[in-house]
Amino acid sequence: MAEQSQVPESVTAEQFFEQLLPMGFATQAAEGQAPGSITLRYVVTGDGGGEWFVAIEGGQMQVRKGGGDANIVTTLSAAHLHEAILGQNGAALALVIPQQRPGRPDNSGRAKTLKGTMALELAREGDPFKVELTFGGAPQPRCTMKMKLQDYLDMQTGKLNGQEAFMTGKMKVEGDMGFLMQIAALQM
């Protein structure tokens, strides 16, 4: 993704999905960091929201406005998306765009086998950052992960081990722990 500081404050969800996301993907693809084959749908609620369908195949990304059957559906508010795009209030794009850590294998194939929903409630000053990920179109099993927003970002970048976060109480889980463990295996 392009440097967040270069993104204008007035950026809309439509501009992000239809212009900035494809540009960022092209940069990743040129660096050999693009994921394999996967489909994503983003459901953005509230004013300025909508739905966008993203298909990645063979190092190419296609984005269109509207829904469709996707391997992973990400649902969040337009306000939280805006914060993630701009890097405001502790938010970052890693909260809504699947990240691949350098040196880790592409797990998009494994992600397509998951079925269930994970809700994230990430504490920060003010309102919590909430996002829901639905894999394989399945509302069940369901789990909710609660932790500090920065701890979650640290976990995504490898600075914090997920097992350690759970064992030390930095991560709280409600619901199907087995499903959460399947999601955690994607980070390996």
# chains A, B, ... in the order shown; residues from 1 in each chain; ligands from 1

call {"tool": "residues_around", "arguments": {"residues": "Gly50 in chain A", "least_positions_apart": "2", "cutoff": "12 Å", "atoms": "only C-alpha atoms", "output": "list in words"}}
result
Thr12, Ala13, Glu14, Gln15, Phe16, Phe17, Arg41, Tyr42, Val43, Val44, Thr45, Gly46, Asp47, Gly48, Trp52, Phe53, Arg64, Lys65, Gly66, Gly67, Thr74, Thr75, Leu76, Ser77, Ala78 and Leu81 of chain A

call {"tool": "write_last_selection", "arguments": {"atoms": "N, CA and C atoms", "output": "tab-separated table (two decimals), in the first residue's frame"}}
result
chain	number	residue	atom	x	y	z
A	12	THR	N	-12.08	8.58	0.35
A	12	THR	CA	-13.33	7.84	0.58
A	12	THR	C	-13.05	6.34	0.48
A	13	ALA	N	-13.99	5.56	0.97
A	13	ALA	CA	-13.87	4.10	0.86
A	13	ALA	C	-13.78	3.72	-0.62
A	14	GLU	N	-14.59	4.35	-1.45
A	14	GLU	CA	-14.57	4.05	-2.88
A	14	GLU	C	-13.20	4.34	-3.49
A	15	GLN	N	-12.60	5.46	-3.17
A	15	GLN	CA	-11.27	5.79	-3.68
A	15	GLN	C	-10.24	4.78	-3.18
A	16	PHE	N	-10.37	4.39	-1.92
A	16	PHE	CA	-9.42	3.43	-1.38
A	16	PHE	C	-9.48	2.11	-2.13
A	17	PHE	N	-10.69	1.53	-2.22
A	17	PHE	CA	-10.81	0.22	-2.84
A	17	PHE	C	-10.57	0.23	-4.35
A	41	ARG	N	-14.23	-9.89	0.10
A	41	ARG	CA	-15.33	-8.93	-0.01
A	41	ARG	C	-15.26	-8.04	1.22
A	42	TYR	N	-15.42	-6.76	1.01
A	42	TYR	CA	-15.41	-5.79	2.09
A	42	TYR	C	-16.80	-5.18	2.20
A	43	VAL	N	-17.37	-5.28	3.38
A	43	VAL	CA	-18.67	-4.68	3.67
A	43	VAL	C	-18.39	-3.53	4.63
A	44	VAL	N	-18.58	-2.31	4.14
A	44	VAL	CA	-18.29	-1.11	4.91
A	44	VAL	C	-19.61	-0.47	5.27
A	45	THR	N	-19.90	-0.39	6.57
A	45	THR	CA	-21.20	0.08	7.03
A	45	THR	C	-21.15	1.57	7.36
A	46	GLY	N	-22.31	2.19	7.32
A	46	GLY	CA	-22.42	3.60	7.69
A	46	GLY	C	-22.24	4.53	6.49
A	47	ASP	N	-22.28	5.84	6.79
A	47	ASP	CA	-22.15	6.85	5.74
A	47	ASP	C	-20.85	6.67	4.98
A	48	GLY	N	-20.95	6.67	3.66
A	48	GLY	CA	-19.77	6.51	2.81
A	48	GLY	C	-19.37	5.06	2.61
A	52	TRP	N	-17.34	-3.97	-1.69
A	52	TRP	CA	-16.36	-4.12	-2.76
A	52	TRP	C	-15.88	-5.55	-2.79
A	53	PHE	N	-15.73	-6.06	-3.99
A	53	PHE	CA	-15.28	-7.43	-4.22
A	53	PHE	C	-13.88	-7.37	-4.83
A	64	ARG	N	-14.08	-4.57	-7.88
A	64	ARG	CA	-15.32	-4.00	-8.40
A	64	ARG	C	-16.24	-3.69	-7.23
A	65	LYS	N	-17.06	-2.69	-7.44
A	65	LYS	CA	-18.05	-2.34	-6.42
A	65	LYS	C	-19.15	-3.40	-6.46
A	66	GLY	N	-19.59	-3.82	-5.29
A	66	GLY	CA	-20.66	-4.81	-5.20
A	66	GLY	C	-20.20	-6.04	-4.44
A	67	GLY	N	-21.11	-6.96	-4.25
A	67	GLY	CA	-20.85	-8.16	-3.48
A	67	GLY	C	-20.43	-9.33	-4.34
A	74	THR	N	-14.79	-9.18	5.07
A	74	THR	CA	-14.40	-8.29	6.16
A	74	THR	C	-15.48	-7.23	6.31
A	75	THR	N	-16.01	-7.09	7.52
A	75	THR	CA	-17.06	-6.12	7.79
A	75	THR	C	-16.57	-5.15	8.86
A	76	LEU	N	-16.69	-3.86	8.56
A	76	LEU	CA	-16.31	-2.83	9.51
A	76	LEU	C	-17.02	-1.53	9.15
A	77	SER	N	-16.98	-0.57	10.06
A	77	SER	CA	-17.63	0.71	9.82
A	77	SER	C	-16.78	1.58	8.90
A	78	ALA	N	-17.43	2.50	8.21
A	78	ALA	CA	-16.71	3.44	7.35
A	78	ALA	C	-15.74	4.29	8.18
A	81	LEU	N	-12.67	2.14	8.90
A	81	LEU	CA	-11.88	1.99	7.68
A	81	LEU	C	-11.08	3.26	7.42

call {"tool": "residues_around", "arguments": {"residues": "Glu9 in chain A", "least_positions_apart": "5", "cutoff": "12 Å", "atoms": "only C-alpha atoms", "output": "list in words"}}
result
Gln4, Gln15, Phe16, His82, Glu83, Ala84, Ile85, Leu86, Gly87 and Gln88 of chain A

call {"tool": "write_last_selection", "arguments": {"atoms": "N, CA and C atoms", "output": "PDB file, in the first residue's frame"}}
result
ATOM      1  N   GLN A   4       0.959   5.862   3.942  1.00  0.00           N
ATOM      2  CA  GLN A   4      -0.274   6.404   4.483  1.00  0.00           C
ATOM      3  C   GLN A   4      -0.228   7.921   4.582  1.00  0.00           C
ATOM      4  N   GLN A  15     -12.600   5.464  -3.167  1.00  0.00           N
ATOM      5  CA  GLN A  15     -11.269   5.788  -3.679  1.00  0.00           C
ATOM      6  C   GLN A  15     -10.238   4.783  -3.183  1.00  0.00           C
ATOM      7  N   PHE A  16     -10.370   4.393  -1.924  1.00  0.00           N
ATOM      8  CA  PHE A  16      -9.416   3.434  -1.380  1.00  0.00           C
ATOM      9  C   PHE A  16      -9.481   2.111  -2.134  1.00  0.00           C
ATOM     10  N   HIS A  82     -11.723   4.400   7.565  1.00  0.00           N
ATOM     11  CA  HIS A  82     -11.055   5.688   7.333  1.00  0.00           C
ATOM     12  C   HIS A  82      -9.856   5.844   8.266  1.00  0.00           C
ATOM     13  N   GLU A  83     -10.032   5.484   9.537  1.00  0.00           N
ATOM     14  CA  GLU A  83      -8.923   5.551  10.488  1.00  0.00           C
ATOM     15  C   GLU A  83      -7.778   4.622  10.072  1.00  0.00           C
ATOM     16  N   ALA A  84      -8.113   3.431   9.602  1.00  0.00           N
ATOM     17  CA  ALA A  84      -7.076   2.477   9.184  1.00  0.00           C
ATOM     18  C   ALA A  84      -6.327   2.990   7.962  1.00  0.00           C
ATOM     19  N   ILE A  85      -7.038   3.555   7.010  1.00  0.00           N
ATOM     20  CA  ILE A  85      -6.404   4.084   5.798  1.00  0.00           C
ATOM     21  C   ILE A  85      -5.426   5.193   6.144  1.00  0.00           C
ATOM     22  N   LEU A  86      -5.844   6.076   7.059  1.00  0.00           N
ATOM     23  CA  LEU A  86      -5.030   7.239   7.407  1.00  0.00           C
ATOM     24  C   LEU A  86      -4.054   6.977   8.559  1.00  0.00           C
ATOM     25  N   GLY A  87      -4.153   5.810   9.197  1.00  0.00           N
ATOM     26  CA  GLY A  87      -3.274   5.519  10.326  1.00  0.00           C
ATOM     27  C   GLY A  87      -3.591   6.376  11.533  1.00  0.00           C
ATOM     28  N   GLN A  88      -4.864   6.613  11.786  1.00  0.00           N
ATOM     29  CA  GLN A  88      -5.287   7.469  12.896  1.00  0.00           C
ATOM     30  C   GLN A  88      -5.752   6.647  14.090  1.00  0.00           C
TER      31      GLN A  88
END

call {"tool": "closest_atom_pairs", "arguments": {"of": "range 21-119 of chain A", "to": "range 141-153 of chain A", "cutoff": "10 Å", "atoms": "only C-alpha atoms", "output": "tab-separated table"}}
result
residue	atom	partner	partner_atom	distance
A:Asn89	CA	A:Leu149	CA	9.8
A:Gly90	CA	A:Gln150	CA	7.0
A:Ala91	CA	A:Leu149	CA	7.5
A:Ala92	CA	A:Leu153	CA	8.1
A:Leu93	CA	A:Leu153	CA	9.8
A:Ala94	CA	A:Leu153	CA	7.1
A:Leu95	CA	A:Leu153	CA	7.4
A:Lys115	CA	A:Pro141	CA	7.4
A:Gly116	CA	A:Pro141	CA	4.8
A:Thr117	CA	A:Arg142	CA	4.8
A:Met118	CA	A:Cys143	CA	5.0
A:Ala119	CA	A:Thr144	CA	4.6

call {"tool": "write_last_selection", "arguments": {"atoms": "C-alpha atoms", "output": "mmCIF file, in the first residue's frame"}}
result
data_model
loop_
_atom_site.group_PDB
_atom_site.id
_atom_site.type_symbol
_atom_site.label_atom_id
_atom_site.label_comp_id
_atom_site.auth_asym_id
_atom_site.auth_seq_id
_atom_site.Cartn_x
_atom_site.Cartn_y
_atom_site.Cartn_z
ATOM 1 C CA ASN A 89 -6.150 6.646 16.518
ATOM 2 C CA GLY A 90 -3.760 3.692 16.568
ATOM 3 C CA ALA A 91 -5.365 2.039 13.542
ATOM 4 C CA ALA A 92 -3.412 0.692 10.560
ATOM 5 C CA LEU A 93 -4.158 -1.022 7.268
ATOM 6 C CA ALA A 94 -3.029 -4.339 8.768
ATOM 7 C CA LEU A 95 -6.364 -4.331 10.627
ATOM 8 C CA LYS A 115 -15.255 -21.880 7.719
ATOM 9 C CA GLY A 116 -16.418 -19.625 10.521
ATOM 10 C CA THR A 117 -16.448 -16.048 11.793
ATOM 11 C CA MET A 118 -14.003 -14.174 13.986
ATOM 12 C CA ALA A 119 -14.891 -10.833 15.516
#

call {"tool": "select_by_dssp", "arguments": {"residues": "range 12-166 of chain A", "states": "strand (DSSP E or B)", "output": "JSON, numbers by chain"}}
result
{"A": [38, 39, 40, 41, 42, 43, 44, 45, 50, 51, 52, 53, 54, 55, 56, 57, 60, 61, 62, 63, 64, 65, 72, 73, 74, 75, 76, 77, 116, 117, 118, 119, 120, 121, 122, 123, 129, 130, 131, 132, 133, 134, 135, 142, 143, 144, 145, 146, 147, 148]}

call {"tool": "residues_around", "arguments": {"residues": "Gly36 in chain A", "least_positions_apart": "4", "cutoff": "12 Å", "atoms": "only C-alpha atoms", "output": "number ranges by chain"}}
result
A: 25, 28-29, 32, 55-61, 100, 105-112

call {"tool": "closest_residue", "arguments": {"among": "A:Met177, A:Val54, A:Ile38, A:Val7", "to": "Thr113 in chain A", "atoms": "only C-alpha atoms"}}
result
A:Ile38

call {"tool": "atom_distance", "arguments": {"atom1": "CA of Thr134 in chain A", "atom2": "CA of Ala165 in chain A"}}
result
22.7 Å

call {"tool": "select_by_dssp", "arguments": {"residues": "chain A", "states": "alpha helix (DSSP H)", "output": "ChimeraX atom specification"}}
result
/A:13-15,21-30,78-86,108-111,149-157,162-167,177-184

call {"tool": "write_last_selection", "arguments": {"atoms": "N, CA and C atoms", "output": "compact mmCIF listing (two decimals), in the first residue's frame"}}
result
# COMPACT_ATOMS: atom_id res chain seq x y z
N ALA A 13 -13.99 5.56 0.97
CA ALA A 13 -13.87 4.10 0.86
C ALA A 13 -13.78 3.72 -0.62
N GLU A 14 -14.59 4.35 -1.45
CA GLU A 14 -14.57 4.05 -2.88
C GLU A 14 -13.20 4.34 -3.49
N GLN A 15 -12.60 5.46 -3.17
CA GLN A 15 -11.27 5.79 -3.68
C GLN A 15 -10.24 4.78 -3.18
N LEU A 21 -5.94 0.73 -3.25
CA LEU A 21 -5.69 -0.69 -3.00
C LEU A 21 -5.04 -1.35 -4.21
N PRO A 22 -5.57 -1.18 -5.42
CA PRO A 22 -4.90 -1.79 -6.58
C PRO A 22 -3.48 -1.27 -6.80
N MET A 23 -3.23 0.02 -6.54
CA MET A 23 -1.88 0.56 -6.68
C MET A 23 -0.93 -0.09 -5.67
N GLY A 24 -1.39 -0.21 -4.44
CA GLY A 24 -0.57 -0.85 -3.40
C GLY A 24 -0.30 -2.31 -3.74
N PHE A 25 -1.31 -2.98 -4.26
CA PHE A 25 -1.13 -4.39 -4.64
C PHE A 25 -0.10 -4.51 -5.77
N ALA A 26 -0.17 -3.63 -6.74
CA ALA A 26 0.78 -3.66 -7.86
C ALA A 26 2.21 -3.53 -7.35
N THR A 27 2.41 -2.69 -6.34
CA THR A 27 3.74 -2.54 -5.75
C THR A 27 4.17 -3.84 -5.08
N GLN A 28 3.27 -4.45 -4.32
CA GLN A 28 3.58 -5.72 -3.65
C GLN A 28 3.88 -6.80 -4.68
N ALA A 29 3.09 -6.86 -5.74
CA ALA A 29 3.29 -7.88 -6.78
C ALA A 29 4.65 -7.70 -7.44
N ALA A 30 5.03 -6.45 -7.70
CA ALA A 30 6.33 -6.17 -8.33
C ALA A 30 7.48 -6.61 -7.42
N ALA A 78 -17.43 2.50 8.21
CA ALA A 78 -16.71 3.44 7.35
C ALA A 78 -15.74 4.29 8.18
N ALA A 79 -16.13 4.64 9.40
CA ALA A 79 -15.25 5.44 10.26
C ALA A 79 -13.98 4.67 10.62
N HIS A 80 -14.12 3.38 10.94
CA HIS A 80 -12.94 2.59 11.29
C HIS A 80 -12.07 2.33 10.06
N LEU A 81 -12.67 2.14 8.90
CA LEU A 81 -11.88 1.99 7.68
C LEU A 81 -11.08 3.26 7.42
N HIS A 82 -11.72 4.40 7.57
CA HIS A 82 -11.05 5.69 7.33
C HIS A 82 -9.86 5.84 8.27
N GLU A 83 -10.03 5.48 9.54
CA GLU A 83 -8.92 5.55 10.49
C GLU A 83 -7.78 4.62 10.07
N ALA A 84 -8.11 3.43 9.60
CA ALA A 84 -7.08 2.48 9.18
C ALA A 84 -6.33 2.99 7.96
N ILE A 85 -7.04 3.55 7.01
CA ILE A 85 -6.40 4.08 5.80
C ILE A 85 -5.43 5.19 6.14
N LEU A 86 -5.84 6.08 7.06
CA LEU A 86 -5.03 7.24 7.41
C LEU A 86 -4.05 6.98 8.56
N SER A 108 -2.80 -18.19 1.53
CA SER A 108 -4.12 -17.90 0.97
C SER A 108 -4.88 -19.20 0.67
N GLY A 109 -4.17 -20.25 0.27
CA GLY A 109 -4.83 -21.54 0.03
C GLY A 109 -5.43 -22.11 1.29
N ARG A 110 -4.69 -22.02 2.39
CA ARG A 110 -5.20 -22.51 3.68
C ARG A 110 -6.37 -21.66 4.15
N ALA A 111 -6.31 -20.36 3.92
CA ALA A 111 -7.40 -19.46 4.35
C ALA A 111 -8.70 -19.86 3.67
N LEU A 149 -5.45 -2.81 20.80
CA LEU A 149 -5.19 -2.64 19.37
C LEU A 149 -3.70 -2.79 19.06
N GLN A 150 -2.84 -2.15 19.82
CA GLN A 150 -1.40 -2.22 19.55
C GLN A 150 -0.87 -3.64 19.73
N ASP A 151 -1.38 -4.37 20.71
CA ASP A 151 -0.96 -5.76 20.89
C ASP A 151 -1.34 -6.60 19.67
N TYR A 152 -2.53 -6.36 19.13
CA TYR A 152 -2.95 -7.10 17.93
C TYR A 152 -2.03 -6.78 16.75
N LEU A 153 -1.71 -5.51 16.55
CA LEU A 153 -0.80 -5.14 15.48
C LEU A 153 0.58 -5.78 15.69
N ASP A 154 1.05 -5.80 16.93
CA ASP A 154 2.33 -6.44 17.23
C ASP A 154 2.28 -7.94 16.91
N MET A 155 1.13 -8.54 17.15
CA MET A 155 0.97 -9.96 16.84
C MET A 155 1.01 -10.17 15.32
N GLN A 156 0.40 -9.26 14.57
CA GLN A 156 0.38 -9.38 13.11
C GLN A 156 1.78 -9.24 12.51
N THR A 157 2.62 -8.44 13.12
CA THR A 157 3.97 -8.22 12.59
C THR A 157 4.99 -9.18 13.18
N GLY A 162 1.24 -15.03 19.57
CA GLY A 162 -0.16 -15.19 19.93
C GLY A 162 -0.38 -16.06 21.15
N GLN A 163 0.38 -17.15 21.27
CA GLN A 163 0.24 -18.02 22.44
C GLN A 163 0.64 -17.27 23.70
N GLU A 164 1.71 -16.50 23.60
CA GLU A 164 2.17 -15.71 24.74
C GLU A 164 1.11 -14.67 25.13
N ALA A 165 0.51 -14.03 24.11
CA ALA A 165 -0.53 -13.04 24.38
C ALA A 165 -1.70 -13.67 25.12
N PHE A 166 -2.08 -14.87 24.71
CA PHE A 166 -3.19 -15.56 25.36
C PHE A 166 -2.82 -15.97 26.79
N MET A 167 -1.64 -16.56 26.93
CA MET A 167 -1.22 -17.06 28.25
C MET A 167 -1.01 -15.94 29.26
N MET A 177 -12.62 -21.72 20.54
CA MET A 177 -11.16 -21.58 20.59
C MET A 177 -10.50 -22.39 19.47
N GLY A 178 -11.09 -23.53 19.10
CA GLY A 178 -10.53 -24.34 18.03
C GLY A 178 -10.49 -23.59 16.71
N PHE A 179 -11.54 -22.82 16.45
CA PHE A 179 -11.57 -22.04 15.21
C PHE A 179 -10.50 -20.96 15.24
N LEU A 180 -10.32 -20.32 16.38
CA LEU A 180 -9.27 -19.31 16.51
C LEU A 180 -7.90 -19.93 16.26
N MET A 181 -7.68 -21.13 16.72
CA MET A 181 -6.40 -21.80 16.51
C MET A 181 -6.17 -22.08 15.01
N GLN A 182 -7.23 -22.37 14.28
CA GLN A 182 -7.10 -22.57 12.83
C GLN A 182 -6.68 -21.26 12.16
N ILE A 183 -7.24 -20.15 12.61
CA ILE A 183 -6.86 -18.84 12.06
C ILE A 183 -5.41 -18.53 12.42
N ALA A 184 -5.03 -18.82 13.66
CA ALA A 184 -3.66 -18.57 14.11
C ALA A 184 -2.65 -19.36 13.27

call {"tool": "atom_distance", "arguments": {"atom1": "CA of Glu31 in chain A", "atom2": "CA of Leu114 in chain A"}}
result
27.7 Å

call {"tool": "atom_distance", "arguments": {"atom1": "CA of Glu18 in chain A", "atom2": "CA of Val96 in chain A"}}
result
15.3 Å

call {"tool": "closest_residue", "arguments": {"among": "A:Pro139, A:Pro98, A:Gly169, A:Pro8", "to": "Thr39 in chain A", "atoms": "only C-alpha atoms"}}
result
A:Pro98
